[in-house]
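Data first, discussion second: the structure below is written as structure tokens.
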Amino acid sequence: MWVEVEAQISSRQNSLHSCARQRLQKEERISFTLIEMARSLAGFLVLLLVISICEAASLFQPISDSHRSAALELFTSDHGSFKSLEETYEALRTFQILGIEKKPDVTAAACRSISETVGSSSTPKDLFYALKANSIAQCKIHEKASEGIISSLKAAVSGASLLLDFYYSIGGLVLIKDQSSKADIRLADAEGVFRSVKAFSQSDGRWRYSSNNPESSAFAAGIALETLAGIVSLASSELDQSLISTLKNDMSKLFDSIEKYDDGTLYFDDKLVDGHEYQGPLSTTSSVLRGLTAFAAATTGNINLPGDKILGLAKFFLGIGVPGDAKDFFYQVDALACLESNRVSVPLILSLSSAVLSLNKKDSLKVRVTTVLGSKAPPLTVKLVGAFSSGSKDASLVESQELKFDQGSGLHILNDLPKSIDVGSYTFVFEVVLQEPEDEKVYVTGSQTKVPVFVTGIIKIENSEITILDSDLGSVESQSKLDLAAKNAVSLSANHLQKLRLSFQLTTPHGRAFKPHQAFLKLRHESKVEHIFVVGNSGKQFEIVLNFLGLVEKFFYLSGKYDMELTVGDAAMENSLLVAIGHIELDLPEAPEKAPRPPPQPVDPYSRYGPKAEITHIFRAPEKRPPPELSLAFLGLTILPLLGFLIGLLRLGVNMKNFPTKPVPATFAVLFHVGIGAVLLLYVFFWLKLDLFQTLKAVGFLGVFLVFVGHRTLSHLAAASAKLKSA
Amino acid sequence: MGRASSKEDVGALFRSLRSAYAATTLNLKIIDLYVGFAIFTALIQVVYMVMVGSFPFNSFLSGVLSCVGTAVLAVCLRIQVNKENKEFKDLPPERAFADFVLCNLVLHLVMINFLG
């Protein structure tokens, strides 16, 4: 709290690039002594803090190696070249920020596309991204080409009407100024351009994209700030200071519209009006940060932004973790790079190397304070000002103490956790105090950082014993001690008039009572029917008494051998156990007629989805066929009548007298008989291998032929017999 | 006496039938022989079916019906060709024979198709 106050009082005018240090302000000295007083009133302060807790505890980690490996996976290129200059720039910038080595094929492909864009006449947008990529890839641009670029960009500035036009052209000019040998690029009418860009601003701190479109967004605000910063740096003469101060007012108004999540992270978001134009909170916040830091770098004078807001923005970007999309990754990393070194305030992030501590292994609490990109922080001390059990509003369990700084690893370590920290879930509250007073203007650490910590340990299980008691008298029938660390094979027997008692004690490493999440006693019958009982406790003593007289019906009157199993488990318990105690022979009375049957035991659930029995198709049994000899015999028998017919014909004395003798009718007669024979032969083939359609086709042809021939023959015969009759 | 006379009567009946039959023309006797041949073939097939069961029933039907069909057509031919039949006086026997041939061919086509 006090750190926040003094941060608001002090003004941060240091530029990180310059080595000059400002003289300590008097107010800062006063605030330091106040802090000394505050330390002595630790308890009172802590109570105040407890009341004022409005943020949940959460853990933020700075950029680490997992980010670097994810970047290499996400920014894949096709033999070094990306789809567009924008993507090329994003990939190069991400690699540069994360310290990943430049790959030669990527650089070469980038240089190729940059020189292509620069050589031909391209739009200001393409030139802008090409120059941005070039600022990292450092390819050489020809003098002539750069002159051409400068002139076309200057023309674009004078002809610009939309915010994005200004952005690309001014941005391009700023970049080419750094890259080309001509250091003297100035905007002629800087104030005029400034005013025309300023015309897009709105009273609530947001900016519009064009004078026609009334839609405004914070994303556009970021772009506008960057553009204005560029104008200021390119101006040939000092701009009117009133313009800059109104702009600072606009920025404060913009920051008033900042939104907040529960865990203390802050972000900018635009209203979702049109799906196309909507940029998510990530890109909007990133754009605003870029604009802010660019403006702070370009202007002199202080920017009154509360350090907590910068810290909240830093937590927003770190809270994302490792994004899965290349664009999101770029926005995150670019914004963090802006935060890492800017003129407003540099946030310092406190993180734990491990949020789970083991009392058994005597883990020490290791705290690291770094910048958002993981670079070293200035000299500072970390103090543990309080530890609170999760979900309880009691006072802090520890006194305020300083953590020892280990120079080699850069960690602040608390070696021995106080005895008041037992197993369970806690919220630790840290305070970071910068050692050098000048650093207060440059860095922001946040007043108190709340971090969730989970402490585990070995729970001692003692005095465990199992007893059979007589129900009425309470006298002990049999008793045996148990060792719950190992499997036991206790063998007991009881009838329904007796009671079973199981008791044990649970103690935490520091000797306090411990109530685990699970403490169950399970009795399983031979027929797999199970009964589970919860073991209750009073303080350290856990005890369960099973009165079999009352449980007879619950057990479905099943007598026999029951296996006993005890389960004691908790997240904070490193030695959670599921141990077999032994078995008990229960002698229960006979079940009456109306007694409930035990529920059917579930079939192994996986067998339901296992393969089913294979079904083999039962083919129709083929009909019994007669023996082939019988069939052949009857075939012969069937031929017999034909033979009988032929013999009969011979006996009757058939003759061929009526067969025509003259050649023409004779041919026809022969053809007639041949035709009939052919049809019969066709039928034989039909039976053997032809199908009906082929047969019908053939029959059609043969039939026509037969009719013609038959008609000739038979009419000849008729004429002949008529002649005979008349004669 | 009655029995002997009935036996004699039967014998006399047969003899007169035979002598009357001998008077029929050759054509008709050929047709009668053909009909007998067809029916006999059908009978043999029925006996075979009775012995081994009617498993490919369509084949059995096809065989029997072709025999029976051709017998029926031959009987029709006999009726039409018989000169003593006043109904068919104007029908030339060649025409009847042509009908017989045609119908037989159609019958046998259908039966071969049904034979399977």
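Residues are named by chain letter and number: chains run A, B, ... in the order of the structure tokens, numbers start at 1 in each chain, and ligands are numbered from 1 in the order shown.
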
* To do: Residues of chain A near chain B: apply a cut-off of 9 Å, count only C-alpha atoms, and supply the list as a PyMOL selection string.
  => chain A and resi 623-626+630-631+634+637-645+648-649+652-654+676+679-680+683-684+686-687+691-692+695-696+703+707+710-711+714-715+717-718

* **Neighbour list for range 396-400 of chain A as a list in words, cut-off 6 Å, only C-alpha atoms, skip fewer than 3 positions in-chain** => Leu384, Val385, Gly386, Ala387, Phe388 and Ser420 of chain A

Can I get the selected residues back with N, CA, C and O atoms, as a PDB file, in the first residue's frame?
```pdb
ATOM      1  N   LEU A 384       8.334 -11.671   3.126  1.00  0.00           N
ATOM      2  CA  LEU A 384       7.090 -12.406   3.308  1.00  0.00           C
ATOM      3  C   LEU A 384       6.347 -11.700   4.428  1.00  0.00           C
ATOM      4  O   LEU A 384       6.750 -11.755   5.585  1.00  0.00           O
ATOM      5  N   VAL A 385       5.291 -10.999   4.054  1.00  0.00           N
ATOM      6  CA  VAL A 385       4.612 -10.204   5.085  1.00  0.00           C
ATOM      7  C   VAL A 385       3.464 -10.968   5.713  1.00  0.00           C
ATOM      8  O   VAL A 385       2.980 -10.577   6.764  1.00  0.00           O
ATOM      9  N   GLY A 386       3.000 -12.021   5.114  1.00  0.00           N
ATOM     10  CA  GLY A 386       1.896 -12.748   5.729  1.00  0.00           C
ATOM     11  C   GLY A 386       1.631 -14.063   5.045  1.00  0.00           C
ATOM     12  O   GLY A 386       1.962 -14.255   3.871  1.00  0.00           O
ATOM     13  N   ALA A 387       1.062 -14.965   5.815  1.00  0.00           N
ATOM     14  CA  ALA A 387       0.629 -16.236   5.239  1.00  0.00           C
ATOM     15  C   ALA A 387      -0.723 -16.541   5.830  1.00  0.00           C
ATOM     16  O   ALA A 387      -0.893 -16.518   7.049  1.00  0.00           O
ATOM     17  N   PHE A 388      -1.691 -16.806   4.968  1.00  0.00           N
ATOM     18  CA  PHE A 388      -3.042 -17.043   5.446  1.00  0.00           C
ATOM     19  C   PHE A 388      -3.497 -18.397   4.947  1.00  0.00           C
ATOM     20  O   PHE A 388      -3.271 -18.764   3.813  1.00  0.00           O
ATOM     21  N   SER A 420       4.511 -22.499  12.251  1.00  0.00           N
ATOM     22  CA  SER A 420       3.063 -22.297  12.163  1.00  0.00           C
ATOM     23  C   SER A 420       2.520 -22.751  10.815  1.00  0.00           C
ATOM     24  O   SER A 420       1.314 -22.922  10.652  1.00  0.00           O
TER      25      SER A 420
END
```

* Two-atom distance - CA of Ala494 in chain A, CA of Leu586 in chain A (Å) ->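 If I compute the distance from CA of Ala494 in chain A to CA of Leu586 in chain A, I get 5.1 Å.
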
* Asked: Neighbours of range 667-670 of chain A within 7 Å (only C-alpha atoms; same-chain residues fewer than 4 positions away dropped), as number ranges by chain?
  -> A: 663, 674, 709, 712-713

For the residues in that selection, give me N, CA, C and O atoms as a CSV table (one decimal), in the first residue's frame.
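Dumped to again-v9.csv:
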```csv
chain,number,residue,atom,x,y,z
A,663,PRO,N,-36.8,-80.8,-106.9
A,663,PRO,CA,-35.7,-80.2,-106.1
A,663,PRO,C,-36.2,-79.0,-105.2
A,663,PRO,O,-35.8,-79.0,-104.1
A,674,VAL,N,-34.9,-79.2,-90.9
A,674,VAL,CA,-33.6,-78.6,-90.3
A,674,VAL,C,-34.0,-77.5,-89.4
A,674,VAL,O,-33.4,-77.4,-88.3
A,709,VAL,N,-40.4,-71.1,-94.4
A,709,VAL,CA,-40.1,-72.4,-95.0
A,709,VAL,C,-41.3,-73.3,-94.8
A,709,VAL,O,-41.7,-74.0,-95.8
A,712,ARG,N,-44.2,-72.6,-97.1
A,712,ARG,CA,-43.9,-73.1,-98.5
A,712,ARG,C,-44.1,-74.6,-98.6
A,712,ARG,O,-44.8,-75.1,-99.5
A,713,THR,N,-43.5,-75.3,-97.6
A,713,THR,CA,-43.6,-76.8,-97.7
A,713,THR,C,-45.0,-77.3,-97.6
A,713,THR,O,-45.5,-78.1,-98.4
```

* **Counting only C-alpha atoms, the option among B:Leu107, B:Val72, B:Val46, B:Ala20 closest to Phe60 in chain B** =>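 Closest to Phe60 in chain B of all the choices is B:Val46.
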
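By chain and then residue number, the residues within 6 Å of range 255-268 of chain A are Glu55, Ala56, Ser252, Lys253, Pro281, Thr285, Gly312, Leu313, Lys315 and Phe316 of chain A, counting only C-alpha atoms and disregarding those fewer than 2 positions away in sequence.
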
Please produce a file of the residues just selected, as a CSV table (one decimal), in the first residue's frame, where the atoms kept are C-alpha atoms.
```csv
chain,number,residue,atom,x,y,z
A,55,GLU,CA,-7.9,-9.7,-5.7
A,56,ALA,CA,-7.6,-13.5,-5.7
A,252,SER,CA,-5.4,9.1,-19.2
A,253,LYS,CA,-9.0,9.0,-20.4
A,281,PRO,CA,-8.5,-7.9,-26.1
A,285,THR,CA,-4.2,-4.2,-25.4
A,312,GLY,CA,-1.9,-5.2,-14.3
A,313,LEU,CA,-1.3,-5.1,-18.1
A,315,LYS,CA,0.0,-9.7,-15.6
A,316,PHE,CA,-2.7,-9.9,-18.4
```

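For the pair CA of Ser122 in chain A and CA of Leu175 in chain A, the interatomic distance is 15.9 Å.
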
* **Spatial neighbours of Thr370 in chain A, 8 Å, only C-alpha atoms, chain gap at least 2 places, as JSON, numbers by chain** => {"A": [62, 348, 349, 350, 368, 372, 373, 374, 375, 376, 377]}

Please produce a file of the residues just selected, as a short mmCIF file (atom, residue, chain, number, x, y, z; two decimals), in the first residue's frame, where the atoms kept are N, CA and C atoms.
```cif
data_model
loop_
_atom_site.label_atom_id
_atom_site.label_comp_id
_atom_site.auth_asym_id
_atom_site.auth_seq_id
_atom_site.Cartn_x
_atom_site.Cartn_y
_atom_site.Cartn_z
N PRO A 62 7.18 -15.37 -15.64
CA PRO A 62 7.73 -14.62 -16.78
C PRO A 62 8.02 -15.56 -17.94
N LEU A 348 7.91 -5.42 -12.59
CA LEU A 348 8.70 -6.54 -12.11
C LEU A 348 7.73 -7.62 -11.62
N ILE A 349 8.01 -8.84 -12.02
CA ILE A 349 7.09 -9.95 -11.73
C ILE A 349 7.72 -10.84 -10.67
N LEU A 350 6.92 -11.16 -9.67
CA LEU A 350 7.36 -12.08 -8.62
C LEU A 350 6.79 -13.45 -8.93
N ARG A 368 11.50 -15.72 -7.11
CA ARG A 368 12.32 -15.02 -8.11
C ARG A 368 11.59 -13.76 -8.53
N VAL A 372 9.42 -8.89 -17.18
CA VAL A 372 8.46 -9.79 -17.84
C VAL A 372 9.15 -10.74 -18.81
N LEU A 373 10.28 -10.33 -19.39
CA LEU A 373 10.95 -11.23 -20.31
C LEU A 373 11.97 -12.10 -19.60
N GLY A 374 12.02 -12.03 -18.32
CA GLY A 374 12.92 -12.90 -17.57
C GLY A 374 14.29 -12.32 -17.30
N SER A 375 14.50 -11.04 -17.59
CA SER A 375 15.83 -10.46 -17.32
C SER A 375 15.97 -10.11 -15.85
N LYS A 376 17.18 -9.87 -15.48
CA LYS A 376 17.46 -9.59 -14.06
C LYS A 376 16.78 -8.31 -13.60
N ALA A 377 16.34 -8.32 -12.37
CA ALA A 377 15.74 -7.14 -11.76
C ALA A 377 16.84 -6.35 -11.05
#
```

* To do: Just the alpha helix (DSSP H) stuff from range 104-324 of chain A, please, per backbone DSSP, written as a PyMOL selection string.
  => chain A and resi 104-119+124-137+143-158+163-179+190-198+218-234+241-256+281-298+307-319

* To do: Would you work out the distance separating CA of Val367 in chain A from CA of Tyr443 in chain A, expressed in Å to one decimal?
  =>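 CA of Tyr443 in chain A lies 18.2 Å from CA of Val367 in chain A.
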